[in-house]
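Novice: What follows is upload-v9.cif, made up of mmCIF, C-alpha atoms and all ligand atoms:
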```cif
data_start
loop_
_atom_site.label_atom_id
_atom_site.label_comp_id
_atom_site.auth_asym_id
_atom_site.auth_seq_id
_atom_site.Cartn_x
_atom_site.Cartn_y
_atom_site.Cartn_z
CA MET A 1 -108.06 43.90 -1.76
CA ALA A 2 -110.98 46.06 -2.78
CA SER A 3 -111.09 49.80 -2.43
CA GLY A 4 -114.10 52.12 -2.47
CA PRO A 5 -117.50 51.48 -0.82
CA ALA A 6 -119.00 49.37 -3.63
CA ALA A 7 -115.92 47.18 -3.94
CA ALA A 8 -115.71 46.83 -0.15
CA ALA A 9 -119.38 45.74 -0.03
CA ALA A 10 -118.73 43.21 -2.81
CA SER A 11 -115.72 41.86 -0.88
CA ARG A 12 -117.84 41.45 2.24
CA ARG A 13 -120.54 39.61 0.26
CA HIS A 14 -117.89 37.32 -1.25
CA ALA A 15 -116.47 36.68 2.23
CA ARG A 16 -119.93 35.93 3.64
CA VAL A 17 -120.76 33.37 0.92
CA LEU A 18 -117.48 31.57 1.57
CA LEU A 19 -117.97 31.44 5.33
CA ASP A 20 -121.60 30.31 4.97
CA ARG A 21 -120.45 27.36 2.87
CA LEU A 22 -117.69 26.50 5.31
CA LYS A 23 -120.23 26.63 8.15
CA ARG A 24 -122.38 24.11 6.29
CA ARG A 25 -119.36 21.87 5.78
CA TYR A 26 -118.08 22.29 9.35
CA PRO A 27 -121.13 23.05 11.53
CA GLN A 28 -119.19 22.49 14.76
CA ALA A 29 -115.83 24.17 14.39
CA GLY A 30 -113.89 24.06 17.63
CA THR A 31 -110.38 23.11 18.58
CA ALA A 32 -109.64 19.41 18.77
CA LEU A 33 -107.42 20.06 21.79
CA ARG A 34 -108.98 18.72 24.98
CA PHE A 35 -109.08 21.10 27.93
CA ALA A 36 -111.04 21.74 31.10
CA ASP A 37 -110.22 25.42 31.64
CA PRO A 38 -108.41 28.34 29.94
CA TRP A 39 -105.06 27.48 31.53
CA GLN A 40 -105.19 23.91 30.21
CA LEU A 41 -105.99 25.21 26.72
CA LEU A 42 -103.15 27.72 26.95
CA VAL A 43 -100.69 24.96 27.86
CA ALA A 44 -102.11 22.55 25.26
CA THR A 45 -101.86 25.20 22.54
CA VAL A 46 -98.22 25.88 23.37
CA LEU A 47 -97.56 22.12 23.19
CA SER A 48 -99.34 21.88 19.83
CA ALA A 49 -96.60 23.74 17.93
CA GLN A 50 -95.15 21.51 15.18
CA THR A 51 -97.29 18.51 16.10
CA THR A 52 -100.87 17.28 15.85
CA ASP A 53 -103.66 17.99 18.31
CA ALA A 54 -104.05 14.21 18.73
CA ASN A 55 -100.44 13.97 19.93
CA VAL A 56 -101.05 16.72 22.45
CA ASN A 57 -104.25 15.07 23.66
CA ARG A 58 -102.26 11.93 24.40
CA VAL A 59 -99.94 13.70 26.85
CA THR A 60 -102.11 16.35 28.50
CA PRO A 61 -104.18 13.96 30.68
CA LEU A 62 -100.98 12.84 32.40
CA LEU A 63 -99.55 16.37 32.50
CA PHE A 64 -102.65 17.84 34.16
CA ALA A 65 -103.10 14.86 36.48
CA ARG A 66 -99.58 15.36 37.77
CA TRP A 67 -99.63 19.18 37.83
CA PRO A 68 -103.30 20.13 38.09
CA SER A 69 -102.94 23.90 38.44
CA PRO A 70 -100.72 26.76 37.25
CA GLN A 71 -99.22 26.84 40.75
CA ASP A 72 -98.28 23.15 40.50
CA LEU A 73 -96.73 23.48 37.05
CA ALA A 74 -94.90 26.65 38.06
CA ALA A 75 -93.21 24.66 40.83
CA ALA A 76 -92.40 21.67 38.60
CA SER A 77 -88.92 20.73 37.51
CA PRO A 78 -88.59 21.29 33.75
CA GLU A 79 -86.81 17.95 33.42
CA GLU A 80 -89.82 16.10 34.84
CA VAL A 81 -92.14 18.01 32.54
CA GLU A 82 -89.85 17.19 29.59
CA ALA A 83 -90.35 13.48 30.24
CA VAL A 84 -94.13 13.88 30.04
CA VAL A 85 -94.26 16.10 26.93
CA TYR A 86 -91.42 14.32 25.14
CA SER A 87 -93.57 12.81 22.38
CA THR A 88 -94.86 16.22 21.23
CA GLY A 89 -91.39 17.19 19.94
CA TYR A 90 -89.26 20.21 20.87
CA TYR A 91 -89.80 18.90 24.36
CA ARG A 92 -87.07 20.96 26.05
CA GLN A 93 -88.37 24.28 24.77
CA LYS A 94 -91.99 23.28 25.36
CA ALA A 95 -91.38 22.10 28.93
CA ARG A 96 -89.63 25.34 29.81
CA ALA A 97 -92.29 27.37 28.05
CA VAL A 98 -95.22 25.86 29.96
CA VAL A 99 -93.39 26.09 33.30
CA SER A 100 -92.39 29.71 32.76
CA LEU A 101 -95.77 30.82 31.46
CA SER A 102 -97.39 29.17 34.49
CA THR A 103 -94.90 30.95 36.77
CA ASP A 104 -95.69 34.30 35.18
CA LEU A 105 -99.39 33.59 35.35
CA VAL A 106 -99.16 32.90 39.09
CA GLU A 107 -96.92 35.87 39.82
CA ARG A 108 -98.75 38.49 37.77
CA PHE A 109 -102.32 37.22 37.50
CA GLY A 110 -102.83 35.07 40.61
CA GLY A 111 -102.99 31.95 38.44
CA GLU A 112 -105.99 33.21 36.43
CA VAL A 113 -105.64 33.33 32.65
CA PRO A 114 -106.35 36.91 31.55
CA ALA A 115 -109.07 37.29 28.91
CA ASP A 116 -107.44 39.98 26.83
CA LEU A 117 -104.96 39.86 23.99
CA ALA A 118 -102.38 42.27 25.42
CA SER A 119 -102.08 40.44 28.75
CA LEU A 120 -101.98 37.02 27.09
CA THR A 121 -99.28 37.98 24.61
CA GLY A 122 -97.29 39.43 27.53
CA LEU A 123 -96.90 35.90 28.92
CA PRO A 124 -93.63 34.22 27.96
CA GLY A 125 -93.89 32.10 24.82
CA VAL A 126 -97.46 33.18 24.05
CA GLY A 127 -97.83 34.76 20.61
CA ARG A 128 -100.83 36.36 19.02
CA LYS A 129 -102.01 33.10 17.45
CA THR A 130 -101.96 31.16 20.74
CA ALA A 131 -103.63 34.06 22.55
CA SER A 132 -106.36 34.22 19.91
CA VAL A 133 -107.04 30.49 20.19
CA VAL A 134 -107.50 30.86 23.95
CA LEU A 135 -109.71 33.95 23.63
CA ALA A 136 -111.94 32.34 21.00
CA GLU A 137 -112.09 28.78 22.30
CA ALA A 138 -111.86 29.13 26.09
CA PHE A 139 -113.59 32.48 26.57
CA GLY A 140 -115.85 32.64 23.50
CA LEU A 141 -114.52 36.10 22.68
CA PRO A 142 -114.16 37.52 19.17
CA ALA A 143 -110.65 36.63 18.03
CA ILE A 144 -109.14 35.23 14.83
CA ALA A 145 -106.06 33.03 15.14
CA VAL A 146 -104.05 33.14 11.91
CA ASP A 147 -101.78 30.18 11.28
CA THR A 148 -100.29 28.93 8.01
CA HIS A 149 -103.59 27.32 6.89
CA VAL A 150 -105.70 30.39 7.64
CA GLY A 151 -103.26 32.66 5.83
CA ARG A 152 -103.05 30.44 2.75
CA VAL A 153 -106.81 29.89 2.47
CA ALA A 154 -107.50 33.61 2.96
CA ARG A 155 -105.04 34.55 0.22
CA ARG A 156 -106.26 31.96 -2.27
CA LEU A 157 -109.86 32.97 -1.75
CA GLY A 158 -109.05 36.64 -2.26
CA LEU A 159 -109.79 37.64 1.33
CA SER A 160 -106.31 39.03 1.90
CA ASP A 161 -103.19 39.63 -0.11
CA ALA A 162 -100.95 39.82 2.94
CA THR A 163 -98.35 37.32 4.05
CA ASP A 164 -97.92 38.77 7.53
CA PRO A 165 -100.36 36.96 9.92
CA GLY A 166 -101.23 40.20 11.69
CA ARG A 167 -102.27 41.82 8.42
CA VAL A 168 -104.28 38.76 7.35
CA GLU A 169 -106.06 38.94 10.69
CA ALA A 170 -106.77 42.64 10.17
CA ASP A 171 -108.18 41.95 6.68
CA LEU A 172 -110.48 39.22 8.02
CA ARG A 173 -111.64 41.49 10.85
CA THR A 174 -112.59 44.08 8.25
CA LEU A 175 -114.52 41.58 6.13
CA TYR A 176 -116.48 39.82 8.88
CA PRO A 177 -118.56 41.10 11.79
CA ALA A 178 -117.09 40.43 15.23
CA ARG A 179 -119.73 37.78 16.03
CA GLU A 180 -118.21 35.58 13.29
CA TRP A 181 -114.55 35.94 14.26
CA ALA A 182 -114.33 33.07 16.74
CA GLY A 183 -115.69 30.59 14.18
CA ILE A 184 -113.44 31.54 11.28
CA SER A 185 -110.07 30.17 12.27
CA MET A 186 -110.94 26.55 12.97
CA ARG A 187 -113.08 26.28 9.82
CA PHE A 188 -110.30 27.69 7.65
CA ILE A 189 -107.82 25.31 9.28
CA LEU A 190 -110.01 22.25 8.66
CA PHE A 191 -110.68 23.36 5.08
CA GLY A 192 -106.97 24.07 4.53
CA ARG A 193 -106.05 20.61 5.75
CA GLU A 194 -108.76 18.66 3.94
CA VAL A 195 -109.29 20.55 0.68
CA CYS A 196 -107.18 23.63 0.08
CA ALA A 197 -103.89 21.97 0.93
CA ALA A 198 -100.60 23.80 0.45
CA ARG A 199 -99.14 21.47 -2.19
CA ARG A 200 -102.03 19.79 -3.96
CA PRO A 201 -105.27 21.66 -3.39
CA ARG A 202 -108.30 19.52 -4.30
CA CYS A 203 -109.83 22.12 -6.58
CA PRO A 204 -111.95 19.71 -8.69
CA SER A 205 -113.98 18.70 -5.63
CA CYS A 206 -113.75 22.02 -3.78
CA PRO A 207 -117.09 23.44 -2.60
CA LEU A 208 -115.73 26.97 -3.02
CA ALA A 209 -114.21 26.52 -6.49
CA ASP A 210 -116.82 28.67 -8.25
CA ARG A 211 -115.95 31.58 -5.95
CA CYS A 212 -112.20 31.03 -5.82
CA PRO A 213 -110.01 33.50 -7.73
CA HIS A 214 -106.78 31.60 -7.07
CA PRO A 215 -104.82 31.62 -10.34
CA GLY A 216 -103.19 28.29 -9.52
CA LYS A 217 -106.49 26.43 -9.29
CA THR A 218 -106.15 22.93 -10.71
CA ALA A 219 -109.62 23.02 -12.33
S1 LIG B 1 -110.59 26.02 -5.66
FE1 LIG B 1 -108.61 25.13 -5.08
S2 LIG B 1 -107.34 26.90 -4.49
FE2 LIG B 1 -109.48 27.60 -4.51
S3 LIG B 1 -110.20 27.33 -2.37
FE3 LIG B 1 -110.75 25.46 -3.50
S4 LIG B 1 -109.04 24.05 -3.15
FE4 LIG B 1 -108.33 26.12 -2.61
#
```
So, in terms of C-alpha cells, how does the structure I just supplied come out?

Specialist:
Amino acid sequence: MASGPAAAAASRRHARVLLDRLKRRYPQAGTALRFADPWQLLVATVLSAQTTDANVNRVTPLLFARWPSPQDLAAASPEEVEAVVYSTGYYRQKARAVVSLSTDLVERFGGEVPADLASLTGLPGVGRKTASVVLAEAFGLPAIAVDTHVGRVARRLGLSDATDPGRVEADLRTLYPAREWAGISMRFILFGREVCAARRPRCPSCPLADRCPHPGKTA
C-alpha cells in the first residue's frame, strides 16, 4: 500500500479508474438474493453460505410463505425449517441459525432489523460480511462486505495487501469515498466470478489488465 500524500493520491486515482470501469461493466450491481425487507435479506444471506444465490432463491419463497415474520420463524421448530432449507446445504446449522437470529431479533429489537453494524453483528450467526450486505443492500447505507472474491480482487489489483477481511475492508474504505462503498462489493464479486477467478483468471480479456499489477497475470 502507498505511503505519503502523493502516493496516497495516486492510489486513490488508481482505485477510482478501476471502479469506474467496473461500473461500466456492471451498471446495476445489487445482490441476486430476492427479498422483500431487511429481515428476509438477513435470513437469505445466512442461507447463502457455501451455496449459490439461485439455490437460496429457490427455497426462500416457501420459507417466507410459511414463516412470514421474525416472530413466526422464532417460534418455528428447527426440524421443520431444516426440511425447507435442506437443499442449500449445511441445513442443520442454517435452520438453527435463522431461528435463533429471529428469536434474538424479536427479543432485543422488537422484530426490527437494526441498521447498524454493531447491533447486526451482535445477532447470533451474523458476521461482519452478512451485516454489511444487509446494510448496503437493504438499507442503502455505506458498507463494504468483504468475501473471498472481494479480498482476492482487491489484492490482485493492488488495492490492499491484507488477507484479513477486516483489513481489506479498511483499505477499501480509505481508497473510496463513502458514497461508493455500497456499490463496491457486488461489482468485485461479479468481476471475481466472471473474470478474475481464483484459479484461472482471464487476464487476456480482462478490462482492467492495463492497470493490474498482479505478478501472476497470464498476459
Ligand atoms: S489482469 Fe488478471 S489478475 Fe489482473 S484483474 Fe484482470 S483477471 Fe485479475

Novice: What residues have any atom no more than 8 Å from ligand LIG 1 (chain B) when counting all atoms listed in the file, and can you list them as a list in words?

Specialist: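 Listing the residues within 8 Å of ligand LIG 1 (chain B) gives Val153, Arg156, Leu157, Gly192, Val195, Cys196, Ala197, Pro201, Arg202, Cys203, Pro204, Ser205, Cys206, Pro207, Leu208, Ala209, Asp210, Arg211, Cys212, Pro213, His214, Pro215, Gly216, Lys217, Thr218 and Ala219 of chain A.
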
Novice: Of the candidates A:Pro114, A:Val85, A:Thr148, A:His14, which one gets nearest to Leu62 in chain A if we count only C-alpha atoms?

Specialist: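 Nearest candidate to Leu62 in chain A out of A:Pro114, A:Val85, A:Thr148, A:His14: A:Val85.
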
Novice: Between A:Phe191, A:Val59, A:Val168, A:Arg199, which one has atoms that come closest to Arg24 in chain A, using only C-alpha atoms?

Specialist: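 Of the candidates, the smallest distance to Arg24 in chain A is held by A:Phe191.
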
Novice: Of the residues A:Leu42, A:Ile189, A:Gly140, A:Thr51, which is the one nearest to Tyr90 in chain A, using all atoms listed in the file?

Specialist: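 Once distances to Tyr90 in chain A are computed over all atoms listed in the file, the minimum belongs to A:Thr51.
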
Novice: Using only C-alpha atoms for the distances, tell me which of A:Leu175, A:Val150, A:Val43, A:Ala9 is nearest to Ala198 in chain A.

Specialist: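 Looking at the shortest contact to Ala198 in chain A, the residue is A:Val150.
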
Novice: Between A:Asp53, A:Asp104, A:Tyr91, A:Leu117, which residue has the minimum interatomic distance to Gly30 in chain A, considering all atoms listed in the file?

Specialist: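 The closest residue to Gly30 in chain A is A:Asp53.
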
Novice: What would the list of residues within 9 Å of (-89.0, 18.0, 29.3) (file frame) look like as a ChimeraX atom specification, if all atoms listed in the file are what count?

Specialist: /A:77-86,90-96

Novice: Show which residues sit within 10 Å of Val106 in chain A, as number ranges by chain. Count only C-alpha atoms, and ignore same-chain residues fewer than 2 positions away.

Specialist: A: 69-74, 100-104, 108-113

Novice: Measuring between only C-alpha atoms, which one of A:Leu19, A:Ala118, A:Val99, A:Ala154 shows the shortest distance to Leu47 in chain A?

Specialist: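 Of A:Leu19, A:Ala118, A:Val99, A:Ala154, the one nearest Leu47 in chain A is A:Val99, counting only C-alpha atoms.
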
Novice: Can you list, as a CSV table (one decimal) with C-alpha atoms, in the coordinates of the input, every protein, DNA or RNA residue that comes within 12 Å of Asn57 in chain A when you count only C-alpha atoms, leaving out same-chain residues fewer than 3 positions away?

Specialist:
```csv
chain,number,residue,atom,x,y,z
A,31,THR,CA,-110.4,23.1,18.6
A,32,ALA,CA,-109.6,19.4,18.8
A,33,LEU,CA,-107.4,20.1,21.8
A,34,ARG,CA,-109.0,18.7,25.0
A,35,PHE,CA,-109.1,21.1,27.9
A,40,GLN,CA,-105.2,23.9,30.2
A,41,LEU,CA,-106.0,25.2,26.7
A,43,VAL,CA,-100.7,25.0,27.9
A,44,ALA,CA,-102.1,22.6,25.3
A,45,THR,CA,-101.9,25.2,22.5
A,47,LEU,CA,-97.6,22.1,23.2
A,48,SER,CA,-99.3,21.9,19.8
A,51,THR,CA,-97.3,18.5,16.1
A,52,THR,CA,-100.9,17.3,15.8
A,53,ASP,CA,-103.7,18.0,18.3
A,54,ALA,CA,-104.0,14.2,18.7
A,60,THR,CA,-102.1,16.4,28.5
A,61,PRO,CA,-104.2,14.0,30.7
A,62,LEU,CA,-101.0,12.8,32.4
A,63,LEU,CA,-99.6,16.4,32.5
A,64,PHE,CA,-102.6,17.8,34.2
A,85,VAL,CA,-94.3,16.1,26.9
A,87,SER,CA,-93.6,12.8,22.4
A,88,THR,CA,-94.9,16.2,21.2
```

Novice: Work out how far CA of Ile184 in chain A is from CA of Ser11 in chain A, in Å to one decimal.

Specialist: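 Going from CA of Ser11 in chain A over to CA of Ile184 in chain A covers 16.1 Å.
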
Novice: Near Gly125 in chain A, counting all atoms listed in the file, which residues have an atom at most 9 Å away, once you skip same-chain residues fewer than 2 positions from it, shown as a list in words?

Specialist: Val46, Ala97, Val98, Ser100, Leu101, Thr121, Gly122, Leu123 and Gly127 of chain A

Novice: One decimal, in Å: what's the spacing between CA of Arg152 in chain A and CA of Pro165 in chain A?

Specialist: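 Separation of CA of Arg152 in chain A and CA of Pro165 in chain A: 10.1 Å.
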
Novice: Kindly compute an axis-aligned box around the listed atoms of range 62-78 of chain A, allowing 6 Å on each side, and express its centre and edge lengths in Å to one decimal as lines of an AutoDock Vina configuration file.

Specialist:
```
center_x = -95.9
center_y = 19.8
center_z = 36.6
size_x = 26.7
size_y = 26.0
size_z = 20.4
```

Novice: To one decimal place, how far is CA of Ser132 in chain A from CA of Gly158 in chain A in Å?

Specialist: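 Separating CA of Ser132 in chain A from CA of Gly158 in chain A is a distance of 22.5 Å.
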
Novice: Find the residues around Leu159 in chain A up to 7 Å (only C-alpha atoms counted), leave out those fewer than 4 positions away in its own chain, and share them as a PDB file with C-alpha atoms, keeping the file's coordinate frame.

Specialist:
```pdb
ATOM      1  CA  ALA A  15    -116.470  36.680   2.230  1.00  0.00           C
ATOM      2  CA  ALA A 154    -107.500  33.610   2.960  1.00  0.00           C
ATOM      3  CA  ARG A 155    -105.040  34.550   0.220  1.00  0.00           C
ATOM      4  CA  LEU A 172    -110.480  39.220   8.020  1.00  0.00           C
TER       5      LEU A 172
END
```
